[in-house]
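Take a look at the structure below.
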Amino acid sequence: MKHAVFLFLGFTALFSTQASVAADVAAGKAKAAVCAACHGAAGVASVPTYPNLAGQNEPYLVSALKAYRDKQRSGGMAAIMQMQAAALTDEDINNIAAYYSSLK
């Protein structure tokens, strides 16, 4: 029974923390202006080898941007992405991810 209570409290804390971190789509759009050079103004890249970001899964974008920022992702255009993401805060990353995931 004790384990069930701790498990419940753990999940409650996890979900309440996640719910309290609300991303700002408008701030993400403003911060993503530099991304448009490669990924397109509306998140649809005009260069076929660059990924489209419009409608992408938000947790994936957060994970990818943090990995680039922390130099944990390599290959392809990683060197450029690492430079672009280097100055991003966690809040910036959450906002950018919310913006791109909101596009359809």
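Following the order of the structure tokens, chains are lettered A, B, ..., residues in each are numbered from 1, and ligands are numbered from 1.
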
List as a list of chain:residue names the protein and nucleic acid residues near segment 81-98 of chain A, meaning an atom at most 7 Å away when only C-alpha atoms are counted, but skip any in the same chain fewer than 6 places from it. A:Ala23, A:Asp24, A:Val25, A:Ala27, A:Gly28, A:Lys29, A:Lys31, A:Ala32, A:Glu58, A:Leu61, A:Val62, A:Leu65, A:Tyr68, A:Arg69, A:Lys71

Rounded to one decimal in Å, what is the spacing between atom CA of Tyr100 of chain A and atom CA of Ala54 of chain A?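 Atom CA of Ala54 of chain A lies 4.9 Å from atom CA of Tyr100 of chain A.
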
If DSSP is run on the backbone, what residues of segment 10-96 of chain A are helix (DSSP H, G or I)? A reply as number ranges by chain would be ideal. A: 10-20, 25-39, 58-69, 78-85, 90-96

Write a file of the selected residues as a PDB file, in the first residue's frame, keeping C-alpha atoms.
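Saved as result22.pdb:
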ATOM      1  CA  GLY A  10       5.081  10.789  -7.837  1.00  0.00           C
ATOM      2  CA  PHE A  11       2.736  10.806 -10.814  1.00  0.00           C
ATOM      3  CA  THR A  12       0.758  13.675  -9.330  1.00  0.00           C
ATOM      4  CA  ALA A  13       3.915  15.736  -8.903  1.00  0.00           C
ATOM      5  CA  LEU A  14       5.093  14.891 -12.409  1.00  0.00           C
ATOM      6  CA  PHE A  15       1.845  15.889 -14.083  1.00  0.00           C
ATOM      7  CA  SER A  16       1.307  19.011 -12.004  1.00  0.00           C
ATOM      8  CA  THR A  17       4.844  20.183 -12.842  1.00  0.00           C
ATOM      9  CA  GLN A  18       4.292  19.567 -16.533  1.00  0.00           C
ATOM     10  CA  ALA A  19       0.938  21.316 -16.495  1.00  0.00           C
ATOM     11  CA  SER A  20       2.385  24.377 -14.783  1.00  0.00           C
ATOM     12  CA  VAL A  25       3.318  30.288 -28.725  1.00  0.00           C
ATOM     13  CA  ALA A  26       3.643  34.007 -29.566  1.00  0.00           C
ATOM     14  CA  ALA A  27       7.035  34.212 -27.841  1.00  0.00           C
ATOM     15  CA  GLY A  28       8.052  31.048 -29.678  1.00  0.00           C
ATOM     16  CA  LYS A  29       7.089  32.572 -33.011  1.00  0.00           C
ATOM     17  CA  ALA A  30       9.196  35.657 -32.291  1.00  0.00           C
ATOM     18  CA  LYS A  31      12.167  33.573 -31.149  1.00  0.00           C
ATOM     19  CA  ALA A  32      11.845  31.257 -34.183  1.00  0.00           C
ATOM     20  CA  ALA A  33      12.308  34.073 -36.711  1.00  0.00           C
ATOM     21  CA  VAL A  34      15.936  33.057 -37.239  1.00  0.00           C
ATOM     22  CA  CYS A  35      14.832  29.445 -37.879  1.00  0.00           C
ATOM     23  CA  ALA A  36      12.915  30.582 -40.981  1.00  0.00           C
ATOM     24  CA  ALA A  37      16.133  30.916 -42.982  1.00  0.00           C
ATOM     25  CA  CYS A  38      16.404  27.121 -43.208  1.00  0.00           C
ATOM     26  CA  HIS A  39      13.045  25.780 -42.013  1.00  0.00           C
ATOM     27  CA  GLU A  58       6.274  19.214 -29.327  1.00  0.00           C
ATOM     28  CA  PRO A  59       8.176  16.888 -26.936  1.00  0.00           C
ATOM     29  CA  TYR A  60      10.374  15.778 -29.839  1.00  0.00           C
ATOM     30  CA  LEU A  61      11.240  19.384 -30.708  1.00  0.00           C
ATOM     31  CA  VAL A  62      12.067  20.152 -27.078  1.00  0.00           C
ATOM     32  CA  SER A  63      14.287  17.086 -26.866  1.00  0.00           C
ATOM     33  CA  ALA A  64      16.039  17.793 -30.166  1.00  0.00           C
ATOM     34  CA  LEU A  65      16.702  21.462 -29.405  1.00  0.00           C
ATOM     35  CA  LYS A  66      18.056  20.657 -25.948  1.00  0.00           C
ATOM     36  CA  ALA A  67      20.281  17.959 -27.439  1.00  0.00           C
ATOM     37  CA  TYR A  68      21.660  20.416 -30.002  1.00  0.00           C
ATOM     38  CA  ARG A  69      22.152  23.098 -27.350  1.00  0.00           C
ATOM     39  CA  ALA A  78      24.385  19.493 -36.131  1.00  0.00           C
ATOM     40  CA  ALA A  79      27.233  22.019 -36.032  1.00  0.00           C
ATOM     41  CA  ILE A  80      24.929  24.748 -37.357  1.00  0.00           C
ATOM     42  CA  MET A  81      22.080  23.717 -35.079  1.00  0.00           C
ATOM     43  CA  GLN A  82      24.403  23.652 -32.076  1.00  0.00           C
ATOM     44  CA  MET A  83      25.398  27.251 -32.764  1.00  0.00           C
ATOM     45  CA  GLN A  84      21.774  28.310 -33.255  1.00  0.00           C
ATOM     46  CA  ALA A  85      20.586  26.574 -30.081  1.00  0.00           C
ATOM     47  CA  ASP A  90      14.679  26.042 -21.558  1.00  0.00           C
ATOM     48  CA  GLU A  91      11.834  28.560 -21.735  1.00  0.00           C
ATOM     49  CA  ASP A  92      12.880  29.620 -25.259  1.00  0.00           C
ATOM     50  CA  ILE A  93      12.988  25.982 -26.346  1.00  0.00           C
ATOM     51  CA  ASN A  94       9.554  25.236 -24.860  1.00  0.00           C
ATOM     52  CA  ASN A  95       8.102  28.306 -26.590  1.00  0.00           C
ATOM     53  CA  ILE A  96       9.666  27.490 -29.971  1.00  0.00           C
TER      54      ILE A  96
END
